[in-house]
>>> print(open('protein-v2.txt').read())   # compact mmCIF, C-alpha atoms
# COMPACT_ATOMS: atom_id res chain seq x y z
CA ASP P 1 5.76 -19.75 1.30
CA THR P 2 5.05 -17.70 -1.78
CA GLY P 3 3.83 -14.48 -0.24
CA VAL P 4 0.80 -12.87 1.33
CA SER P 5 -2.40 -14.71 0.48
CA GLN P 6 -5.88 -13.21 0.59
CA ASN P 7 -9.20 -14.99 0.26
CA PRO P 8 -11.55 -14.70 -1.40
CA ARG P 9 -10.23 -12.73 -4.35
CA HIS P 10 -13.70 -11.45 -5.18
CA LYS P 11 -16.85 -11.13 -3.09
CA ILE P 12 -20.27 -9.92 -4.20
CA THR P 13 -22.77 -9.40 -1.41
CA LYS P 14 -26.15 -7.82 -0.89
CA ARG P 15 -26.43 -4.65 1.12
CA GLY P 16 -26.94 -5.39 4.79
CA GLN P 17 -25.10 -8.72 4.77
CA ASN P 18 -21.94 -9.39 6.76
CA VAL P 19 -18.71 -10.34 5.02
CA THR P 20 -15.39 -11.69 6.29
CA PHE P 21 -12.05 -11.67 4.49
CA ARG P 22 -8.98 -13.69 5.38
CA CYS P 23 -5.32 -12.81 5.10
CA ASP P 24 -2.41 -15.25 5.51
CA PRO P 25 0.83 -13.27 5.88
CA ILE P 26 4.34 -14.44 5.10
CA SER P 27 5.01 -16.96 7.84
CA GLU P 28 7.81 -15.23 9.75
CA HIS P 29 6.24 -11.76 9.57
CA ASN P 30 5.07 -10.28 12.87
CA ARG P 31 3.30 -7.21 11.54
CA LEU P 32 0.08 -7.30 9.55
CA TYR P 33 -1.76 -4.36 8.02
CA TRP P 34 -5.19 -3.91 6.45
CA TYR P 35 -5.80 -1.21 3.85
CA ARG P 36 -8.72 -0.21 1.66
CA GLN P 37 -8.21 0.98 -1.90
CA THR P 38 -10.88 2.63 -4.03
CA LEU P 39 -10.63 3.35 -7.73
CA GLY P 40 -8.00 5.96 -8.54
CA GLN P 41 -6.80 6.21 -4.95
CA GLY P 42 -3.88 4.84 -3.00
CA PRO P 43 -4.17 2.35 -0.17
CA GLU P 44 -5.94 3.85 2.86
CA PHE P 45 -4.78 2.46 6.21
CA LEU P 46 -7.40 0.70 8.34
CA THR P 47 -5.69 -1.24 11.13
CA TYR P 48 -2.46 -2.93 12.15
CA PHE P 49 -1.33 -5.89 14.27
CA GLN P 50 1.98 -6.76 15.82
CA ASN P 51 1.78 -10.47 16.52
CA GLU P 52 -1.73 -10.89 17.99
CA ALA P 53 -1.97 -7.38 19.44
CA GLN P 54 -4.02 -4.83 17.50
CA LEU P 55 -1.91 -1.72 17.98
CA GLU P 56 -3.90 0.74 15.91
CA LYS P 57 -7.59 0.57 15.13
CA SER P 58 -8.74 4.17 15.33
CA ARG P 59 -8.66 4.43 11.54
CA LEU P 60 -11.21 1.67 10.98
CA LEU P 61 -13.92 3.35 8.97
CA SER P 62 -16.80 2.72 11.34
CA ASP P 63 -17.85 0.39 14.14
CA ARG P 64 -19.14 -1.97 11.45
CA PHE P 65 -15.51 -2.84 10.68
CA SER P 66 -13.51 -5.16 12.92
CA ALA P 67 -10.36 -7.22 12.57
CA GLU P 68 -8.77 -10.09 14.48
CA ARG P 69 -5.50 -11.95 14.49
CA PRO P 70 -6.16 -14.56 17.16
CA LYS P 71 -2.89 -16.48 17.20
CA GLY P 72 -0.62 -13.96 15.60
CA SER P 73 -0.74 -15.77 12.27
CA PHE P 74 -3.67 -15.25 9.86
CA SER P 75 -6.05 -12.33 10.22
CA THR P 76 -9.69 -11.68 9.37
CA LEU P 77 -11.43 -8.43 8.51
CA GLU P 78 -15.19 -8.37 9.02
CA ILE P 79 -17.65 -5.81 7.75
CA GLN P 80 -21.11 -5.98 9.28
CA ARG P 81 -24.27 -4.66 7.64
CA THR P 82 -22.48 -3.82 4.40
CA GLU P 83 -23.32 -0.64 2.50
CA GLN P 84 -22.73 0.22 -1.15
CA GLY P 85 -19.98 2.63 -0.09
CA ASP P 86 -18.01 -0.33 1.26
CA SER P 87 -17.37 -1.52 -2.29
CA ALA P 88 -13.59 -1.39 -2.72
CA MET P 89 -10.44 -3.48 -2.84
CA TYR P 90 -9.29 -4.61 0.62
CA LEU P 91 -5.54 -5.15 0.86
CA CYS P 92 -3.50 -7.00 3.41
CA ALA P 93 0.24 -6.50 3.92
CA SER P 94 2.79 -8.01 6.25
CA SER P 95 6.31 -7.17 7.36
CA LEU P 96 9.03 -8.12 9.77
CA ILE P 97 9.43 -6.12 12.95
CA GLY P 98 11.84 -3.29 12.24
CA GLY P 99 12.17 0.45 11.80
CA SER P 100 10.65 2.88 9.36
CA ASP P 101 12.67 1.35 6.50
CA THR P 102 10.94 -2.02 6.73
CA GLU P 103 9.33 -3.17 3.48
CA ALA P 104 5.67 -4.18 3.47
CA PHE P 105 4.66 -7.16 1.33
CA PHE P 106 1.17 -6.99 -0.14
CA GLY P 107 -1.36 -9.59 -1.14
CA GLN P 108 -3.41 -9.31 -4.31
CA GLY P 109 -6.42 -8.06 -2.41
CA THR P 110 -10.09 -8.96 -2.03
CA ARG P 111 -12.43 -7.01 -4.26
CA LEU P 112 -15.78 -6.40 -2.54
CA THR P 113 -18.87 -5.40 -4.48
CA VAL P 114 -21.98 -4.52 -2.50
CA VAL P 115 -25.18 -4.61 -4.57
CA GLY T 1 -0.71 14.22 9.86
CA ASP T 2 1.62 12.43 7.49
CA SER T 3 0.74 12.64 3.80
CA VAL T 4 2.09 12.00 0.32
CA THR T 5 1.16 13.94 -2.81
CA GLN T 6 1.81 12.52 -6.27
CA MET T 7 1.33 13.99 -9.70
CA GLU T 8 -1.91 12.97 -11.35
CA GLY T 9 -1.87 10.50 -14.16
CA PRO T 10 -2.04 8.91 -16.48
CA VAL T 11 1.44 9.59 -17.76
CA THR T 12 1.65 8.42 -21.37
CA LEU T 13 5.08 7.97 -22.98
CA SER T 14 6.65 6.33 -25.98
CA GLU T 15 9.18 3.57 -25.45
CA GLU T 16 12.67 4.86 -24.61
CA ALA T 17 11.36 8.21 -23.36
CA PHE T 18 12.53 9.76 -20.07
CA LEU T 19 10.21 9.36 -17.10
CA THR T 20 9.65 11.60 -14.09
CA ILE T 21 6.86 11.06 -11.58
CA ASN T 22 6.77 13.76 -8.91
CA CYS T 23 6.22 12.98 -5.23
CA THR T 24 6.26 15.33 -2.25
CA TYR T 25 5.57 14.48 1.37
CA THR T 26 4.61 15.96 4.70
CA ALA T 27 5.76 14.30 7.89
CA THR T 28 7.06 15.14 11.32
CA GLY T 29 10.19 13.31 12.26
CA TYR T 30 12.44 11.48 9.82
CA PRO T 31 10.48 9.24 7.45
CA SER T 32 11.74 6.52 5.20
CA LEU T 33 10.50 6.96 1.64
CA PHE T 34 9.41 4.29 -0.81
CA TRP T 35 8.19 3.73 -4.33
CA TYR T 36 5.90 0.75 -4.82
CA VAL T 37 4.68 -0.53 -8.20
CA GLN T 38 1.47 -2.38 -9.04
CA TYR T 39 1.38 -4.28 -12.33
CA PRO T 40 -2.04 -5.18 -13.75
CA GLY T 41 -3.67 -7.96 -11.72
CA GLU T 42 -0.90 -8.07 -9.13
CA GLY T 43 -0.32 -6.78 -5.61
CA LEU T 44 1.83 -3.79 -4.74
CA GLN T 45 5.54 -4.56 -4.62
CA LEU T 46 8.48 -2.51 -3.47
CA LEU T 47 10.43 -0.85 -6.29
CA LEU T 48 12.98 1.14 -4.27
CA LYS T 49 13.46 2.98 -1.01
CA ALA T 50 15.64 5.59 0.74
CA THR T 51 15.98 6.02 4.46
CA LYS T 52 17.73 9.35 5.00
CA ALA T 53 18.35 12.68 3.34
CA ASP T 54 20.37 12.60 0.10
CA ASP T 55 20.12 8.81 -0.15
CA LYS T 56 19.37 7.53 -3.65
CA GLY T 57 17.27 4.41 -4.07
CA SER T 58 17.58 2.51 -7.34
CA ASN T 59 16.22 -0.66 -8.94
CA LYS T 60 15.50 -1.88 -12.50
CA GLY T 61 16.78 1.40 -13.98
CA PHE T 62 14.52 3.51 -11.76
CA GLU T 63 16.00 6.03 -9.33
CA ALA T 64 14.74 8.43 -6.67
CA THR T 65 16.68 10.76 -4.37
CA TYR T 66 15.48 11.72 -0.86
CA ARG T 67 15.47 15.53 -0.85
CA LYS T 68 14.78 16.81 2.65
CA GLU T 69 15.06 20.48 1.71
CA THR T 70 12.25 20.17 -0.84
CA THR T 71 10.46 17.23 0.90
CA SER T 72 10.48 15.36 -2.39
CA PHE T 73 11.22 11.87 -3.70
CA HIS T 74 10.69 12.05 -7.46
CA LEU T 75 10.89 8.83 -9.47
CA GLU T 76 12.97 8.83 -12.68
CA LYS T 77 13.96 6.43 -15.41
CA GLY T 78 16.10 7.28 -18.37
CA SER T 79 14.46 4.99 -20.94
CA VAL T 80 11.08 3.40 -20.25
CA GLN T 81 9.87 0.12 -21.73
CA VAL T 82 6.38 -1.13 -22.50
CA SER T 83 6.78 -3.54 -19.58
CA ASP T 84 7.06 -0.57 -17.19
CA SER T 85 3.36 0.17 -17.72
CA ALA T 86 1.88 0.01 -14.22
CA VAL T 87 0.65 2.17 -11.34
CA TYR T 88 3.37 3.71 -9.18
CA PHE T 89 2.78 4.65 -5.54
CA CYS T 90 4.96 6.90 -3.44
CA ALA T 91 4.89 6.12 0.28
CA LEU T 92 6.45 7.09 3.57
CA SER T 93 6.85 5.43 6.94
CA VAL T 94 7.78 7.10 10.20
CA GLY T 95 7.74 5.83 13.77
CA ARG T 96 4.88 6.86 16.06
CA GLY T 97 5.12 5.38 19.53
CA GLY T 98 6.82 2.28 18.21
CA SER T 99 4.36 1.81 15.34
CA TYR T 100 5.37 2.11 11.69
CA ILE T 101 2.41 2.51 9.36
CA PRO T 102 3.15 3.06 5.67
CA THR T 103 1.22 6.02 4.21
CA PHE T 104 0.60 6.03 0.46
CA GLY T 105 -0.04 8.58 -2.24
CA ARG T 106 -2.92 8.13 -4.67
CA GLY T 107 -0.78 6.48 -7.33
CA THR T 108 0.25 7.54 -10.83
CA SER T 109 -0.61 5.38 -13.80
CA LEU T 110 2.13 5.01 -16.42
CA ILE T 111 1.28 3.88 -19.95
CA VAL T 112 4.18 3.20 -22.32
CA HIS T 113 3.44 2.78 -26.03
CA PRO T 114 5.73 0.87 -28.42
>>> encode(input="protein-v2.txt", output="structure tokens")
Amino acid sequence: DTGVSQNPRHKITKRGQNVTFRCDPISEHNRLYWYRQTLGQGPEFLTYFQNEAQLEKSRLLSDRFSAERPKGSFSTLEIQRTEQGDSAMYLCASSLIGGSDTEAFFGQGTRLTVV
Amino acid sequence: GDSVTQMEGPVTLSEEAFLTINCTYTATGYPSLFWYVQYPGEGLQLLLKATKADDKGSNKGFEATYRKETTSFHLEKGSVQVSDSAVYFCALSVGRGGSYIPTFGRGTSLIVHP
């Protein structure tokens, strides 16, 4: 296992279309995070899973955004009816269960462009 | 809510110069503090961390000391190299009802010239 894997790396879509991104975390990691990063900004937290349970989703940007982690392994992030403002880098991170000192391991991200 | 404030970049230095990137935080409770680095075309990776007041994190010649009295975690390196050119993110994590969600600053770009 070489790290967190995200697919696709790049996605161009027309406004109004739905898109889905996949994240495969490090295999023994229980926690999985989704972040959004826009140009010149740091990662902005979206949602978080511990195993298959979604423990925090109030920071998803709108009801067009949803995430799943059906068997506690890989996760998907879906954006419905995309808008130009959704263009950004979407990052996935995973970690072991632990305290506040636990390191998060990031994937390389999926860059979304909405035209 | 929890937040991290970093100095704006880019920071442009000559090789072997001294580096400081300022970071201050706001959090209730007792956060752990981190510096992550993002090299061009790569994902964020942990550079160093500190988990309690007065702890010093260090790695690859970089250091940062957890200063509770000034709520700061400034990143320093005595002699930068061209290969240190990257974006540096300060972050914190603190428990909220059993959840630990890393919160990031906006990042500071470092450019090192030969």
>>> residues_around(input="protein-v2.txt", residues="range 85-89 of chain P", least_positions_apart="5", cutoff="8 Å", atoms="only C-alpha atoms", output="list in words")
Arg36, Gln37, Thr38, Leu39, Gly109, Thr110, Arg111, Leu112, Thr113 and Val114 of chain P
>>> interface_residues(input="protein-v2.txt", of="chain P", to="chain T", cutoff="12 Å", atoms="all atoms listed in the file", output="ChimeraX atom specification")
/P:3-6,9,31-50,53-57,59,89-111
>>> closest_residue(input="protein-v2.txt", among="P:Glu78, P:Glu83, P:Glu68, P:Asp63", to="Thr20 in chain P", atoms="only C-alpha atoms")
P:Glu78
>>> atom_distance(input="protein-v2.txt", atom1="CA of Ile12 in chain P", atom2="CA of Pro10 in chain T")
28.9 Å
>>> atom_distance(input="protein-v2.txt", atom1="CA of Ser72 in chain T", atom2="CA of Leu13 in chain T")
22.5 Å
>>> closest_residue(input="protein-v2.txt", among="T:Ser3, T:Ala53, T:Thr28, T:Pro114", to="Thr65 in chain T", atoms="only C-alpha atoms")
T:Ala53
>>> closest_residue(input="protein-v2.txt", among="T:Ser58, T:Thr26, T:Gln6, T:Ser14", to="Thr70 in chain T", atoms="all atoms listed in the file")
T:Thr26
>>> atom_distance(input="protein-v2.txt", atom1="CA of Asn18 in chain P", atom2="CA of Ile79 in chain P")
5.7 Å
>>> closest_residue(input="protein-v2.txt", among="P:Leu77, P:Gly72, P:Ser66, P:Pro8", to="Ile26 in chain P", atoms="only C-alpha atoms")
P:Gly72
